[in-house]
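As stored in coords.txt (compact mmCIF, C-alpha atoms):
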```txt
# COMPACT_ATOMS: atom_id res chain seq x y z
CA MET A 61 126.42 100.89 113.00
CA THR A 62 125.83 98.91 116.17
CA HIS A 63 123.97 99.81 119.32
CA GLU A 64 122.86 98.13 122.50
CA THR A 65 119.86 95.89 122.72
CA ARG A 66 119.41 94.17 126.06
CA GLY A 67 123.13 94.63 126.62
CA THR A 68 124.32 93.21 123.28
CA PRO A 69 125.42 94.95 120.04
CA TYR A 70 122.64 95.83 117.65
CA ASP A 71 122.81 96.23 113.88
CA ALA A 72 120.47 98.93 112.52
CA THR A 73 120.20 97.12 109.19
CA ALA A 74 118.14 94.44 110.95
CA LEU A 75 115.22 96.88 111.19
CA GLY A 76 114.68 96.82 107.43
CA THR A 77 112.31 99.48 106.15
CA VAL A 78 111.15 101.66 109.05
CA LEU A 79 107.91 103.64 109.27
CA THR A 80 107.49 106.09 112.16
CA VAL A 81 104.18 107.77 113.02
CA TRP A 82 103.92 110.89 115.19
CA ALA A 83 101.50 113.62 116.20
CA HIS A 84 103.57 116.82 116.00
CA PRO A 85 106.77 118.16 114.47
CA ASP A 86 109.66 117.44 116.89
CA ASP A 87 108.12 114.16 118.21
CA GLU A 88 110.21 112.27 115.65
CA ALA A 89 113.51 113.87 116.68
CA TYR A 90 112.94 113.78 120.43
CA LEU A 91 111.86 110.15 120.56
CA ALA A 92 113.55 108.54 117.55
CA GLY A 93 116.02 110.97 115.95
CA GLY A 94 118.97 108.72 116.64
CA LEU A 95 117.12 105.66 115.37
CA LEU A 96 116.05 107.38 112.14
CA ALA A 97 119.58 108.58 111.46
CA ALA A 98 121.02 105.11 112.17
CA VAL A 99 118.53 103.46 109.82
CA ARG A 100 119.37 105.89 107.02
CA ASP A 101 123.11 105.54 107.63
CA ALA A 102 122.67 101.78 107.33
CA GLY A 103 121.21 102.31 103.86
CA ASN A 104 117.66 101.39 104.83
CA ARG A 105 114.46 103.19 103.99
CA ALA A 106 112.94 105.41 106.70
CA VAL A 107 109.54 107.03 106.31
CA CYS A 108 108.07 109.55 108.75
CA VAL A 109 104.40 110.47 109.18
CA THR A 110 103.32 113.58 111.11
CA ALA A 111 99.63 114.07 111.88
CA THR A 112 99.59 117.84 112.55
CA ARG A 113 101.73 120.87 111.85
CA GLY A 114 101.91 121.78 115.53
CA GLU A 115 100.00 125.03 115.22
CA ALA A 116 98.48 124.78 118.71
CA ALA A 117 101.80 124.82 120.56
CA ASP A 118 100.84 128.25 121.91
CA PRO A 119 97.37 127.83 123.43
CA HIS A 120 96.88 131.60 123.60
CA ALA A 121 97.55 132.24 119.90
CA ASP A 122 94.81 133.55 117.64
CA ALA A 123 93.95 132.07 114.23
CA ALA A 124 96.48 134.17 112.33
CA GLU A 125 99.25 133.35 114.79
CA ARG A 126 98.43 129.64 114.56
CA ALA A 127 98.62 129.77 110.78
CA ALA A 128 102.00 131.49 110.98
CA LEU A 129 103.30 128.93 113.47
CA SER A 130 102.11 126.12 111.20
CA HIS A 131 104.29 127.48 108.40
CA VAL A 132 107.26 127.91 110.74
CA ARG A 133 107.02 124.40 112.13
CA THR A 134 106.63 122.95 108.66
CA ARG A 135 109.94 124.49 107.59
CA GLU A 136 111.57 123.48 110.87
CA LEU A 137 110.56 119.83 110.50
CA GLU A 138 111.82 119.73 106.93
CA ALA A 139 115.18 121.06 108.14
CA ALA A 140 115.32 118.54 110.99
CA LEU A 141 114.54 115.60 108.73
CA ASP A 142 117.26 116.77 106.37
CA VAL A 143 119.77 116.58 109.24
CA LEU A 144 118.60 113.04 110.04
CA GLY A 145 118.78 111.97 106.39
CA VAL A 146 115.06 111.23 106.13
CA THR A 147 113.75 112.05 102.66
CA GLU A 148 110.28 110.46 102.82
CA HIS A 149 107.67 112.28 104.86
CA HIS A 150 103.87 112.44 104.94
CA TRP A 151 101.71 115.16 106.51
CA LEU A 152 98.19 114.15 107.53
CA ASP A 153 97.29 117.85 108.01
CA LEU A 154 94.99 117.26 110.95
CA PRO A 155 94.10 119.81 113.69
CA ASP A 156 96.69 120.09 116.42
CA SER A 157 95.27 119.19 119.85
CA GLY A 158 92.13 117.88 118.17
CA LEU A 159 93.08 114.34 117.20
CA ALA A 160 91.17 112.62 120.00
CA GLY A 161 87.92 113.98 118.57
CA LEU A 162 88.43 112.55 115.09
CA ASP A 163 87.00 109.30 113.78
CA PRO A 164 89.68 106.65 114.44
CA ALA A 165 88.48 104.44 111.60
CA GLY A 166 88.92 107.15 109.01
CA GLN A 167 92.42 108.06 110.15
CA ALA A 168 93.40 104.39 110.40
CA ASP A 169 92.32 103.95 106.78
CA ARG A 170 94.61 106.82 105.76
CA LEU A 171 97.52 105.30 107.65
CA SER A 172 96.83 101.82 106.30
CA LYS A 173 97.28 103.16 102.77
CA ILE A 174 100.70 104.46 103.77
CA VAL A 175 101.52 101.07 105.31
CA ASP A 176 100.43 99.41 102.05
CA GLU A 177 102.80 101.66 100.08
CA VAL A 178 105.77 101.50 102.44
CA ARG A 179 105.49 97.82 103.43
CA PRO A 180 107.49 98.40 106.62
CA ASP A 181 109.49 95.79 108.44
CA THR A 182 109.43 97.97 111.57
CA VAL A 183 106.88 100.52 112.77
CA VAL A 184 107.69 102.98 115.56
CA THR A 185 105.16 105.22 117.28
CA PHE A 186 103.80 106.16 120.70
CA GLY A 187 102.43 103.58 123.07
CA PRO A 188 98.86 103.96 124.34
CA ASP A 189 100.27 106.13 127.15
CA GLY A 190 101.29 108.74 124.56
CA PHE A 191 104.68 109.04 126.31
CA THR A 192 103.62 112.33 127.93
CA GLY A 193 99.92 111.63 128.22
CA HIS A 194 99.07 114.00 125.36
CA THR A 195 95.74 112.97 123.84
CA ASP A 196 97.06 113.61 120.31
CA HIS A 197 99.86 111.12 120.97
CA GLN A 198 97.43 108.56 122.34
CA ALA A 199 95.16 108.94 119.32
CA VAL A 200 98.06 108.37 116.91
CA SER A 201 99.02 105.22 118.81
CA HIS A 202 95.48 103.86 118.47
CA TRP A 203 95.23 104.74 114.77
CA THR A 204 98.52 103.00 114.09
CA ASP A 205 97.33 99.82 115.78
CA LEU A 206 94.18 99.86 113.66
CA ALA A 207 96.11 100.61 110.48
CA LEU A 208 98.43 97.66 111.00
CA GLU A 209 95.42 95.40 111.56
CA ARG A 210 93.81 96.59 108.32
CA SER A 211 96.82 96.46 106.04
CA PRO A 212 97.96 93.13 104.57
CA TYR A 213 101.50 94.35 105.24
CA GLY A 214 100.88 95.21 108.88
CA ALA A 215 100.69 91.78 110.44
CA GLY A 216 104.30 90.92 109.77
CA ALA A 217 105.73 94.28 110.84
CA ARG A 218 107.65 94.66 114.08
CA LEU A 219 105.86 97.27 116.22
CA TRP A 220 107.85 99.29 118.71
CA HIS A 221 106.61 101.95 121.09
CA ALA A 222 108.73 104.82 122.37
CA VAL A 223 109.37 104.12 126.05
CA THR A 224 111.96 105.06 128.66
CA GLN A 225 113.73 103.74 131.76
CA LYS A 226 113.91 105.08 135.29
CA ASP A 227 117.65 105.78 135.12
CA LEU A 228 117.15 108.12 132.16
CA VAL A 229 114.78 110.53 133.90
CA ASP A 230 116.14 113.95 134.89
CA GLN A 231 113.57 114.45 137.64
CA GLU A 232 114.45 118.09 138.23
CA LEU A 233 113.73 118.87 134.57
CA VAL A 234 110.53 116.81 134.62
CA ASP A 235 109.24 118.73 137.64
CA ARG A 236 110.50 122.13 136.49
CA PHE A 237 108.91 121.99 133.05
CA GLY A 238 105.91 119.79 133.82
CA ILE A 239 106.91 117.27 131.19
CA TYR A 240 104.76 114.48 132.58
CA ASP A 241 101.93 116.59 133.98
CA LEU A 242 99.42 114.94 131.62
CA GLY A 243 100.75 111.42 132.11
CA GLN A 244 103.89 109.38 132.36
CA PRO A 245 105.57 107.20 129.75
CA ARG A 246 105.92 103.47 130.05
CA PHE A 247 109.01 102.68 132.11
CA CYS A 248 110.64 99.44 130.99
CA THR A 249 113.16 97.05 132.44
CA ASP A 250 116.05 95.88 130.26
CA ASP A 251 114.26 92.61 129.52
CA GLU A 252 111.20 94.44 128.20
CA LEU A 253 113.12 96.54 125.68
CA GLY A 254 113.48 95.85 121.99
CA LEU A 255 116.26 98.44 121.78
CA ARG A 256 118.11 100.82 124.06
CA LEU A 257 119.97 103.24 121.79
CA PRO A 258 122.61 105.35 123.56
CA LEU A 259 123.98 108.23 121.50
CA GLU A 260 127.30 109.97 121.93
CA GLY A 261 129.77 112.01 119.95
CA ALA A 262 128.74 112.78 116.39
CA GLU A 263 125.53 110.72 116.68
CA LEU A 264 124.33 112.77 119.65
CA ASP A 265 125.42 116.03 118.04
CA ARG A 266 123.34 115.14 114.99
CA LYS A 267 120.22 114.57 117.06
CA VAL A 268 120.76 117.80 118.97
CA ASP A 269 121.27 119.63 115.67
CA ALA A 270 118.00 118.20 114.31
CA LEU A 271 116.14 119.43 117.36
CA LEU A 272 117.80 122.83 117.27
CA ARG A 273 116.52 123.21 113.71
CA GLN A 274 113.08 123.23 115.34
CA THR A 275 113.90 126.55 116.93
CA SER A 276 110.37 127.53 117.89
CA GLN A 277 110.17 124.49 120.18
CA THR A 278 113.70 124.11 121.52
CA ALA A 279 115.56 127.44 121.56
CA ASP A 280 114.14 128.73 124.85
CA LEU A 281 114.66 125.38 126.56
CA VAL A 282 118.28 125.07 125.45
CA ASP A 283 118.95 128.68 126.42
CA THR A 284 117.54 127.94 129.87
CA ILE A 285 119.27 124.65 130.70
CA GLY A 286 122.28 124.73 128.36
CA ARG A 287 123.18 122.56 125.41
CA ASP A 288 125.11 119.98 127.47
CA ARG A 289 122.24 119.24 129.82
CA PHE A 290 119.79 119.19 126.92
CA ALA A 291 122.01 116.71 125.08
CA ALA A 292 122.33 114.50 128.15
CA TRP A 293 118.54 114.50 128.57
CA ILE A 294 117.88 113.23 125.01
CA ALA A 295 120.97 111.03 124.64
CA THR A 296 119.29 107.62 124.98
CA GLU A 297 116.30 106.33 123.06
CA CYS A 298 114.33 103.29 124.14
CA PHE A 299 111.81 101.18 122.25
CA ALA A 300 109.73 98.22 123.32
CA PRO A 301 107.12 95.90 121.83
CA PRO A 302 103.52 96.54 122.94
CA LEU A 303 102.48 95.12 126.27
CA VAL A 304 99.61 93.37 124.48
CA THR A 305 100.65 91.35 121.46
CA ARG A 306 98.70 92.12 118.28
```
Rendering of file as structure tokens:
Amino acid sequence: MTHETRGTPYDATALGTVLTVWAHPDDEAYLAGGLLAAVRDAGNRAVCVTATRGEAADPHADAAERAALSHVRTRELEAALDVLGVTEHHWLDLPDSGLAGLDPAGQADRLSKIVDEVRPDTVVTFGPDGFTGHTDHQAVSHWTDLALERSPYGAGARLWHAVTQKDLVDQELVDRFGIYDLGQPRFCTDDELGLRLPLEGAELDRKVDALLRQTSQTADLVDTIGRDRFAAWIATECFAPPLVTR
């Protein structure tokens, strides 16, 4: 399978073993669902780490409701990963919306053990901006940096952050749903990208299907804007090396 990188065809097999690290269920599909599916279709290993079970998605929920949502989102993520072909997944089981208050060193140690086991050629996660400014996302980005520094297998890994480009922003949706109210993603030029991955046809349908398996997070949105507009909004994934070289 080939895709664009700086305007030229890209072979997903070149990524080798891929480790992705996220904060919540659905981060993986929104930001890298197409990439994960392409890596698996190429016959490569893809491993996903999720820090929380997303139980704080409803800020008004009580403890019982949060526990119930945790179970729902666990099942939804398992179904989404099945669509993408990802069979290796790790939960860190940390408190949703509480990651910024945790000891970074301790969480980096946990991640470094996963890096030691996986020995990734490519690591994909949030940049320090957290893509949407969410503090959980930003914490995961920092932990991943530390983990790669601590693992003997981290130094040689290619690190990519989820980024975007100005032409991909549906500004009406951004304003309507407050997507970047906490902070904006890193906007990259073509020359800054490691990979721009446009999805269409069956590839895009697969990513949409993975996200629709996470019904608690996507059903209302898709009902509101329609499947076609939703698909167009998530149809291109972009990844770039860190601004500061490790």
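Restricting the calculation to only C-alpha atoms, the smallest distance between A:Glu138 and any of A:Ala124, A:Ala270, A:Val175, A:Val81 is found for A:Ala270.
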Find the residues near A:Thr192: any atom within 7 Å, counting all atoms listed in the file, skip ones fewer than 6 places away on the same chain, and give them as a PyMOL selection string.
chain A and resi 239-240+242-245
Minimum-distance residue to A:Leu208, chosen among A:Asp176, A:Gly190, A:Asp241, A:Asp235 (using all atoms listed in the file):
A:Asp176
So, with only C-alpha atoms as the atoms that count, which of A:Gly161, A:Gly114, A:Gly261, A:Gly238 lies closest to A:Ala291?
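Distance minimum relative to A:Ala291 lands on A:Gly261.
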Near-A:Arg210 list (10 Å; all atoms listed in the file; drop same-chain fewer than 2 positions) as a VMD selection string
chain A and resid 168 to 169 171 to 173 175 to 176 204 to 208 212 to 215
Ref. answer, residues at most 12 Å from (109.8, 98.1, 133.0) with all atoms listed in the file, as a PyMOL selection string
chain A and resi 223-227+245-254+298-303
Between atom CA of A:Trp151 and atom CA of A:Pro85, measure the distance and give it in Å to one decimal.
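Here the two named atoms are 9.9 Å from each other.
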Determine the nearest neighbour of A:Ala72 from the options A:Asp122, A:Glu263, A:Asp101, A:Glu148, counting only C-alpha atoms.
A:Asp101
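Among the candidates A:Trp82, A:Trp220, A:Phe290, A:Trp203, the one nearest to A:Leu272 when counting only C-alpha atoms is A:Phe290.
Note that the spacing between atom CA of A:Leu129 and atom CA of A:Asp156 amounts to 11.4 Å.
Distance-wise, atom CA of A:Thr195 and atom CA of A:His84 end up 11.7 Å apart.
The nearest approach to A:Arg218 among the residues A:Gln198, A:Thr275, A:Thr77, A:Thr296, with all atoms listed in the file taken into account, belongs to A:Thr77.
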A:Gly145 surroundings by all atoms listed in the file, 12 Å radius, close-in-sequence under 6 positions cut, as a ChimeraX atom specification:
/A:89,93-108,138-139,266-267,270
Which residues, protein or nucleic acid, reach to within 6 Å of (91.1, 107.1, 115.7) in the file's coordinates when using only C-alpha atoms, and can you give that as a list in words?
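Looking at atoms near the point gives Asp163, Pro164, Ala165, Gln167, Ala199 and Trp203 of chain A.
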What would the file look like if the residues just selected were written as an mmCIF file, in the coordinates of the input with C-alpha atoms?
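Saved result, result_5.cif, follows:
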```
data_model
loop_
_atom_site.group_PDB
_atom_site.id
_atom_site.type_symbol
_atom_site.label_atom_id
_atom_site.label_comp_id
_atom_site.auth_asym_id
_atom_site.auth_seq_id
_atom_site.Cartn_x
_atom_site.Cartn_y
_atom_site.Cartn_z
ATOM 1 C CA ASP A 163 87.000 109.300 113.780
ATOM 2 C CA PRO A 164 89.680 106.650 114.440
ATOM 3 C CA ALA A 165 88.480 104.440 111.600
ATOM 4 C CA GLN A 167 92.420 108.060 110.150
ATOM 5 C CA ALA A 199 95.160 108.940 119.320
ATOM 6 C CA TRP A 203 95.230 104.740 114.770
#
```
Near stretch 278-280 of chain A, within 12 Å and counting only C-alpha atoms, which residues show up once chain neighbours fewer than 3 positions away are dropped, as a list in words?
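Once the adjacent positions are removed, what remains is Pro85, Asp86, Asp87, Ala89, Tyr90, Ala117, Arg133, Glu136, Phe237, Val268, Asp269, Ala270, Leu271, Leu272, Arg273, Gln274, Thr275, Asp283, Thr284, Ile285, Gly286, Arg287, Phe290 and Ala291 of chain A.
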Output file for the residues above (C-alpha atoms, as a CSV table (one decimal), in the frame of the given file):
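Result saved to again-v3.csv:
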```csv
chain,number,residue,atom,x,y,z
A,85,PRO,CA,106.8,118.2,114.5
A,86,ASP,CA,109.7,117.4,116.9
A,87,ASP,CA,108.1,114.2,118.2
A,89,ALA,CA,113.5,113.9,116.7
A,90,TYR,CA,112.9,113.8,120.4
A,117,ALA,CA,101.8,124.8,120.6
A,133,ARG,CA,107.0,124.4,112.1
A,136,GLU,CA,111.6,123.5,110.9
A,237,PHE,CA,108.9,122.0,133.0
A,268,VAL,CA,120.8,117.8,119.0
A,269,ASP,CA,121.3,119.6,115.7
A,270,ALA,CA,118.0,118.2,114.3
A,271,LEU,CA,116.1,119.4,117.4
A,272,LEU,CA,117.8,122.8,117.3
A,273,ARG,CA,116.5,123.2,113.7
A,274,GLN,CA,113.1,123.2,115.3
A,275,THR,CA,113.9,126.6,116.9
A,283,ASP,CA,119.0,128.7,126.4
A,284,THR,CA,117.5,127.9,129.9
A,285,ILE,CA,119.3,124.6,130.7
A,286,GLY,CA,122.3,124.7,128.4
A,287,ARG,CA,123.2,122.6,125.4
A,290,PHE,CA,119.8,119.2,126.9
A,291,ALA,CA,122.0,116.7,125.1
```
Mind completing stretch 129-147 of chain A with N, CA and C atoms? Output as a short mmCIF file (atom, residue, chain, number, x, y, z; two decimals), in the coordinates of the input, please?
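What ended up in out.cif:
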```
data_model
loop_
_atom_site.label_atom_id
_atom_site.label_comp_id
_atom_site.auth_asym_id
_atom_site.auth_seq_id
_atom_site.Cartn_x
_atom_site.Cartn_y
_atom_site.Cartn_z
N LEU A 129 102.49 129.95 112.80
CA LEU A 129 103.30 128.93 113.47
C LEU A 129 103.29 127.63 112.67
N SER A 130 102.18 127.32 112.05
CA SER A 130 102.11 126.12 111.20
C SER A 130 103.16 126.18 110.10
N HIS A 131 103.30 127.32 109.46
CA HIS A 131 104.29 127.48 108.40
C HIS A 131 105.70 127.35 108.96
N VAL A 132 105.93 127.98 110.12
CA VAL A 132 107.26 127.91 110.74
C VAL A 132 107.63 126.47 111.07
N ARG A 133 106.71 125.76 111.70
CA ARG A 133 107.02 124.40 112.13
C ARG A 133 107.14 123.44 110.95
N THR A 134 106.45 123.75 109.87
CA THR A 134 106.63 122.95 108.66
C THR A 134 108.06 123.06 108.16
N ARG A 135 108.55 124.28 108.06
CA ARG A 135 109.94 124.49 107.59
C ARG A 135 110.93 123.88 108.57
N GLU A 136 110.65 124.02 109.86
CA GLU A 136 111.57 123.48 110.87
C GLU A 136 111.66 121.95 110.78
N LEU A 137 110.53 121.30 110.60
CA LEU A 137 110.56 119.83 110.50
C LEU A 137 111.31 119.40 109.26
N GLU A 138 111.08 120.08 108.15
CA GLU A 138 111.82 119.73 106.93
C GLU A 138 113.32 119.84 107.15
N ALA A 139 113.75 120.88 107.86
CA ALA A 139 115.18 121.06 108.14
C ALA A 139 115.70 119.97 109.06
N ALA A 140 114.90 119.59 110.06
CA ALA A 140 115.32 118.54 110.99
C ALA A 140 115.45 117.20 110.29
N LEU A 141 114.48 116.87 109.45
CA LEU A 141 114.54 115.60 108.73
C LEU A 141 115.74 115.56 107.79
N ASP A 142 116.09 116.70 107.23
CA ASP A 142 117.26 116.77 106.37
C ASP A 142 118.52 116.42 107.16
N VAL A 143 118.63 116.92 108.38
CA VAL A 143 119.77 116.58 109.24
C VAL A 143 119.82 115.08 109.50
N LEU A 144 118.67 114.48 109.72
CA LEU A 144 118.60 113.04 110.04
C LEU A 144 118.72 112.15 108.81
N GLY A 145 118.66 112.75 107.62
CA GLY A 145 118.78 111.97 106.39
C GLY A 145 117.49 111.36 105.91
N VAL A 146 116.36 111.78 106.50
CA VAL A 146 115.06 111.23 106.13
C VAL A 146 114.49 112.03 104.96
N THR A 147 114.21 111.36 103.86
CA THR A 147 113.75 112.05 102.66
C THR A 147 112.29 111.74 102.32
#
```
